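Participant: So I've got this file, input.cif, and it contains mmCIF, C-alpha atoms and all ligand atoms:
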data_run
#
loop_
_atom_site.label_atom_id
_atom_site.label_comp_id
_atom_site.auth_asym_id
_atom_site.auth_seq_id
_atom_site.Cartn_x
_atom_site.Cartn_y
_atom_site.Cartn_z
CA MET A 205 110.45 84.29 104.41
CA PRO A 206 109.92 81.16 102.29
CA GLU A 207 111.42 78.02 103.74
CA SER A 208 113.83 77.65 100.84
CA ASN A 209 115.32 81.11 101.47
CA LYS A 210 115.64 80.46 105.16
CA THR A 211 117.42 77.19 104.48
CA GLU A 212 119.78 78.94 102.18
CA THR A 213 120.46 81.62 104.76
CA ASP A 214 121.30 79.03 107.40
CA PHE A 215 123.46 77.19 104.91
CA MET A 216 125.39 80.35 104.11
CA ARG A 217 125.73 81.28 107.75
CA PHE A 218 127.02 77.85 108.78
CA THR A 219 129.43 77.82 105.85
CA ARG A 220 130.73 81.27 106.73
CA LEU A 221 131.28 80.32 110.36
CA ALA A 222 133.04 77.10 109.35
CA SER A 223 135.31 78.83 106.91
CA GLU A 224 136.32 81.52 109.39
CA TRP A 225 136.88 78.83 112.01
CA ASP A 226 139.22 77.02 109.64
CA ILE A 227 141.16 80.18 108.79
CA ARG A 228 141.63 80.96 112.48
CA GLU A 229 142.98 77.45 113.06
CA GLU A 230 145.90 78.08 110.73
CA LYS A 231 148.10 79.62 113.42
CA TYR A 232 147.77 76.49 115.56
CA ARG A 233 148.31 73.87 112.87
CA ALA A 234 151.11 75.86 111.19
CA SER A 235 153.64 74.12 113.42
CA TYR A 236 151.86 70.77 113.45
CA TYR A 237 150.37 71.94 116.72
CA GLU A 238 153.74 72.39 118.45
CA GLY A 239 153.39 76.18 118.69
CA ASP A 240 154.67 78.64 116.13
CA PHE A 241 155.56 81.43 118.58
CA GLN A 242 157.96 81.70 121.53
CA PRO A 243 157.53 79.16 124.34
CA GLY A 244 154.57 79.95 126.55
CA ALA A 245 153.15 82.53 124.14
CA ILE A 246 149.42 83.06 124.36
CA LEU A 247 146.73 84.70 122.33
CA ARG A 248 144.79 86.97 124.65
CA ILE A 249 141.84 89.11 123.69
CA ASP A 250 140.07 91.12 126.35
CA GLY A 251 136.30 91.49 126.25
CA GLU A 252 133.37 93.15 127.94
CA SER A 253 131.29 90.02 128.42
CA PRO A 254 131.27 88.18 131.75
CA LEU A 255 132.31 85.12 129.73
CA ILE A 256 135.99 84.22 129.40
CA LEU A 257 136.74 81.55 126.80
CA THR A 258 139.88 79.50 127.36
CA ALA A 259 141.56 76.82 125.24
CA PRO A 260 144.56 75.55 127.23
CA HIS A 261 144.99 72.57 124.89
CA SER A 262 144.95 74.45 121.60
CA LEU A 263 148.40 72.89 120.99
CA ASN A 264 150.13 69.64 121.85
CA HIS A 265 150.95 69.53 125.53
CA TYR A 266 152.13 67.32 128.36
CA ARG A 267 150.36 65.96 131.37
CA PHE A 268 152.47 64.22 133.99
CA ASN A 269 155.27 64.08 131.36
CA LYS A 270 153.01 62.23 128.95
CA ALA A 271 152.60 63.84 125.54
CA LYS A 272 148.99 64.71 124.71
CA PRO A 273 147.85 65.79 121.26
CA ALA A 274 146.21 69.19 120.80
CA ASP A 275 142.46 69.58 121.17
CA ARG A 276 142.24 70.72 117.58
CA TRP A 277 139.94 73.58 116.63
CA THR A 278 139.45 74.66 120.24
CA GLY A 279 141.77 77.68 120.12
CA SER A 280 140.24 78.88 116.88
CA GLY A 281 136.76 77.97 118.18
CA CYS A 282 137.23 80.24 121.19
CA GLU A 283 138.39 83.02 118.88
CA LEU A 284 135.38 82.56 116.63
CA LEU A 285 132.91 82.68 119.51
CA GLY A 286 134.74 85.36 121.47
CA ALA A 287 134.73 87.78 118.55
CA ARG A 288 130.93 87.57 118.36
CA LEU A 289 130.25 87.54 122.09
CA ASN A 290 132.72 90.32 122.93
CA ALA A 291 134.15 87.81 125.38
CA ALA A 292 137.74 87.50 126.54
CA VAL A 293 139.73 84.75 124.84
CA LEU A 294 142.83 82.97 126.06
CA THR A 295 144.59 80.31 123.98
CA CYS A 296 148.11 78.90 123.67
CA VAL A 297 150.10 79.74 120.53
CA GLY A 298 153.66 79.03 121.70
CA PRO A 299 155.02 75.65 122.84
CA ILE A 300 153.45 74.59 126.13
CA GLY A 301 156.18 73.43 128.47
CA THR A 302 155.78 70.97 131.29
CA LEU A 303 153.36 72.65 133.61
CA GLN A 304 153.67 72.78 137.37
CA SER A 305 150.75 73.07 139.72
CA TRP A 306 148.61 76.10 138.97
CA GLU A 307 149.65 77.83 142.15
CA ALA A 308 153.36 77.53 141.22
CA ARG A 309 152.92 78.67 137.63
CA THR A 310 154.11 82.06 136.40
CA ASP A 311 153.55 81.60 132.66
CA PRO A 312 151.52 84.08 130.57
CA PHE A 313 148.46 81.82 130.35
CA LYS A 314 148.15 81.52 134.12
CA CYS A 315 148.93 85.21 134.74
CA SER A 316 146.39 86.31 132.13
CA LEU A 317 143.74 84.04 133.56
CA ASP A 318 144.36 85.58 137.01
CA ASP A 319 144.09 89.01 135.47
CA LEU A 320 140.96 88.39 133.38
CA VAL A 321 138.81 86.74 136.04
CA LYS A 322 136.73 89.34 137.88
CA PRO A 323 133.78 89.05 140.24
CA GLY A 324 130.86 87.83 138.16
CA SER A 325 133.05 86.19 135.50
CA LEU A 326 132.20 82.78 134.11
CA VAL A 327 135.14 80.97 132.56
CA ILE A 328 134.17 78.57 129.77
CA ASP A 329 137.09 76.20 129.36
CA VAL A 330 136.86 74.58 125.94
CA HIS A 331 138.30 71.14 125.17
CA GLY A 332 138.03 68.43 122.57
CA MET A 333 137.10 64.82 123.20
CA SER A 334 136.98 61.95 120.73
CA ASP A 335 133.78 60.74 119.08
CA THR A 336 134.09 57.40 120.86
CA HIS A 337 132.26 58.58 123.98
CA GLY A 338 128.95 58.51 122.14
CA ILE A 339 127.99 62.04 123.16
CA ASP A 340 128.29 65.39 121.44
CA VAL A 341 129.18 67.55 124.41
CA CYS A 342 130.18 66.97 128.02
CA ILE A 343 129.85 69.81 130.49
CA GLY A 344 132.09 69.52 133.54
CA THR A 345 131.26 71.53 136.63
CA GLY A 346 134.31 70.66 138.74
CA THR A 347 134.08 69.61 142.36
CA ASN A 348 132.77 72.80 143.82
CA PRO A 349 130.38 74.60 141.45
CA SER A 350 128.45 77.54 142.86
CA LYS A 351 124.71 77.56 142.49
CA SER A 352 125.02 80.00 139.60
CA ALA A 353 127.55 77.80 137.81
CA SER A 354 125.24 74.81 138.18
CA HIS A 355 122.37 76.84 136.77
CA ALA A 356 124.57 77.96 133.90
CA ALA A 357 125.35 74.30 133.15
CA ASP A 358 121.63 73.46 133.22
CA TRP A 359 121.01 76.38 130.93
CA LEU A 360 123.56 75.20 128.38
CA ILE A 361 122.14 71.68 128.45
CA ALA A 362 118.68 73.08 127.76
CA GLU A 363 119.88 75.34 124.98
CA LEU A 364 121.83 72.51 123.35
CA ARG A 365 118.86 70.16 123.50
CA ASN A 366 119.33 69.12 119.88
CA TYR A 367 122.62 67.53 120.86
CA SER A 368 123.43 64.72 123.22
CA VAL A 369 124.93 66.52 126.20
CA SER A 370 126.13 64.90 129.40
CA ILE A 371 127.10 66.50 132.66
CA ASN A 372 130.28 65.45 134.49
CA GLU A 373 130.37 62.10 132.70
CA PRO A 374 132.95 61.15 131.56
CA PHE A 375 134.71 64.49 132.15
CA SER A 376 133.90 66.28 135.39
CA ALA A 377 136.77 68.82 135.36
CA SER A 378 137.45 67.82 138.97
CA PRO A 379 141.21 67.09 138.81
CA ASP A 380 143.42 69.80 140.31
CA TYR A 381 145.08 70.49 136.97
CA THR A 382 141.94 71.73 135.20
CA VAL A 383 141.20 75.39 134.60
CA VAL A 384 137.80 74.88 136.24
CA SER A 385 139.34 73.49 139.39
CA TYR A 386 141.90 76.29 139.60
CA VAL A 387 139.35 79.05 139.03
CA GLN A 388 137.04 77.59 141.68
CA ARG A 389 139.62 77.01 144.37
CA SER A 390 142.07 79.87 143.90
CA LEU A 391 140.24 82.66 142.09
CA GLY A 392 136.90 82.16 143.83
CA SER A 393 135.00 82.49 140.60
CA ASP A 394 132.79 80.36 138.36
CA ALA A 395 133.96 78.10 135.56
CA LEU A 396 132.58 75.32 133.40
CA GLN A 397 134.42 72.91 131.15
CA ILE A 398 132.98 72.06 127.76
CA GLU A 399 134.30 68.99 125.97
CA ILE A 400 133.25 68.90 122.32
CA ALA A 401 133.25 65.73 120.23
CA ALA A 402 135.68 65.64 117.32
CA SER A 403 133.16 65.57 114.47
CA LEU A 404 131.38 68.68 115.77
CA ARG A 405 134.56 70.76 115.78
CA ASN A 406 136.05 69.95 112.42
CA PRO A 407 134.95 72.67 110.02
CA LEU A 408 137.29 71.31 107.35
CA ASP A 409 135.86 67.80 107.00
CA HIS A 410 132.38 68.45 108.42
CA GLN A 411 131.75 71.99 107.31
CA LEU A 412 127.99 72.21 107.76
CA LYS A 413 127.85 70.15 110.92
CA ALA A 414 130.62 72.18 112.56
CA GLY A 415 129.22 75.46 111.30
CA LYS A 416 125.77 74.65 112.65
CA PHE A 417 127.21 73.60 115.99
CA ALA A 418 129.20 76.84 116.20
CA ALA A 419 126.01 78.80 115.52
CA ASP A 420 124.07 76.85 118.16
CA LEU A 421 126.79 77.16 120.80
CA LEU A 422 127.13 80.84 119.98
CA SER A 423 123.42 81.36 120.51
CA ALA A 424 123.45 79.47 123.83
CA LEU A 425 126.46 81.42 125.13
CA HIS A 426 125.01 84.71 123.91
CA LEU A 427 121.88 84.16 126.01
CA LEU A 428 123.92 82.95 128.96
CA ALA A 429 126.17 86.02 128.83
CA GLY A 430 123.13 88.27 128.67
CA GLY A 431 121.76 86.62 131.79
CA LEU A 432 125.01 87.00 133.66
CA ALA A 433 125.48 90.62 132.65
CA GLY A 434 121.95 91.43 133.70
CA SER A 435 122.22 89.92 137.18
CA HIS A 436 122.83 92.24 140.07
CA SER A 437 124.89 89.75 142.01
CA THR A 438 127.14 86.92 140.99
CA GLU A 439 124.63 84.46 142.38
CA ILE A 440 121.94 83.63 139.87
CA ARG A 441 118.69 82.59 141.46
CA PRO A 442 116.56 79.97 139.79
CA GLU A 443 113.52 82.21 140.07
CA ASP A 444 115.34 84.68 137.85
CA GLY A 445 114.85 82.33 135.01
CA ILE A 446 118.14 80.70 134.24
CA GLY A 447 116.89 77.27 135.25
CA ILE A 448 115.80 74.90 132.57
CA ASN A 449 112.14 74.92 133.59
CA ILE A 450 111.67 78.64 133.68
CA GLU A 451 110.71 80.92 130.86
CA ARG A 452 113.97 82.51 129.90
CA GLY A 453 112.55 85.66 128.43
CA GLU A 454 111.93 87.23 131.80
CA TYR A 455 115.46 86.87 132.95
CA PHE A 456 117.47 87.52 129.86
CA SER A 457 116.58 91.14 129.65
CA ARG A 458 119.28 92.05 127.17
CA GLU A 459 118.39 92.24 123.50
CA LYS A 460 117.46 88.80 122.37
CA SER A 461 118.42 89.32 118.77
CA SER A 462 120.66 86.68 117.29
CA PRO A 463 124.33 87.36 117.90
CA ASP A 464 125.98 88.86 114.90
CA SER A 465 127.71 86.31 112.80
ZN ZN A 501 141.79 69.17 126.65
#
What does this structure look like when you write it as structure tokens?
Ligand SMILES: [Zn+2]
Facilitator:
Amino acid sequence: MPESNKTETDFMRFTRLASEWDIREEKYRASYYEGDFQPGAILRIDGESPLILTAPHSLNHYRFNKAKPADRWTGSGCELLGARLNAAVLTCVGPIGTLQSWEARTDPFKCSLDDLVKPGSLVIDVHGMSDTHGIDVCIGTGTNPSKSASHAADWLIAELRNYSVSINEPFSASPDYTVVSYVQRSLGSDALQIEIAASLRNPLDHQLKAGKFAADLLSALHLLAGGLAGSHSTEIRPEDGIGINIERGEYFSREKSSPDS
């Protein structure tokens, strides 16, 4: 295919992703990010993939009684990716009250998370950070990542090599209140936190940049999900090819076609 056609195809694909992303965001911004549904309401979509995409800060929320603004475009971003990865999605669409410790919580988000996480699951907890950190993406592994979760983090870093990606700095996902921490300590499963810089997740003001990032993240997660689904145990061994120095083709035995978008 001539280069000009390919460029146009990418352009159209990124634009399409960005515009769908923006449309999906409408339900979150409809209430100025306070939540347009009943308190505690969630959007939950079940999936077949081992990946579970969560956006606990899709709306304004509180931490230690301090108001925190929504991580904009994260709820809609999880929806966008989940629809293409056949992955479960969990976001907040109703006002998020003051949250207790995870273990004391009985709200729909917590109960759905408990229900969705199965042996072999990998929760990808999606957040938004500001552009001031000087990085595009920060992957947080929490305090107690399994070997497979660490390899998955390495994998994502390798796949997102065109971006500046840090690990655990400045956001490690270690505090008790994070999804990653809860999944590790109480559900005995794997989870990674992904903090995305503001300008990469704003398909309204940065349509092409956000659309391209969505496509790149989608591709990385697609390959990661294929690797997880193809493993015979929840522990991924480096020799299976998920490490950054190993040829991925041998491990990711699932179809390597681009995810549908
Ligand atoms: Zn957040």
Participant: List all protein, DNA and RNA residues that have at least one atom no more than 9 Å from any atom of ligand ZN 501 (chain A), counting all atoms listed in the file, and write them as a PyMOL selection string.
Facilitator: chain A and resi 259-262+272-275+278+329-333+382+399
Participant: Please build the interface table for range 332-380 of chain A against range 312-324 of chain A with a cut-off of 12 Å, listing for each qualifying residue the nearest atom pair and the distance in Å to one decimal; count only C-alpha atoms, order rows by chain and increasing number, and write it as a Markdown table.
Facilitator:
| residue | atom | partner | partner_atom | distance |
| --- | --- | --- | --- | --- |
| A:Ser350 | CA | A:Gly324 | CA | 11.6 |
| A:Ser352 | CA | A:Gly324 | CA | 9.9 |
| A:Ala353 | CA | A:Gly324 | CA | 10.6 |
Participant: Which of these residues is nearest to His355 in chain A, using all atoms listed in the file: A:Arg267, A:Leu432, A:Ala245, A:Met216?
Facilitator: A:Leu432
Participant: Go ahead and compute the interatomic distance for CA of Ala433 in chain A and CA of Leu285 in chain A, in Å to one decimal.
Facilitator: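 Computing the Euclidean distance for CA of Ala433 in chain A and CA of Leu285 in chain A yields 17.1 Å.
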Participant: When you count all atoms listed in the file, which of these residues is closest to Gly346 in chain A: A:Ala292, A:Leu396, A:Ile328, A:Glu307?
Facilitator: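 Of all the options, A:Leu396 lies closest to Gly346 in chain A.
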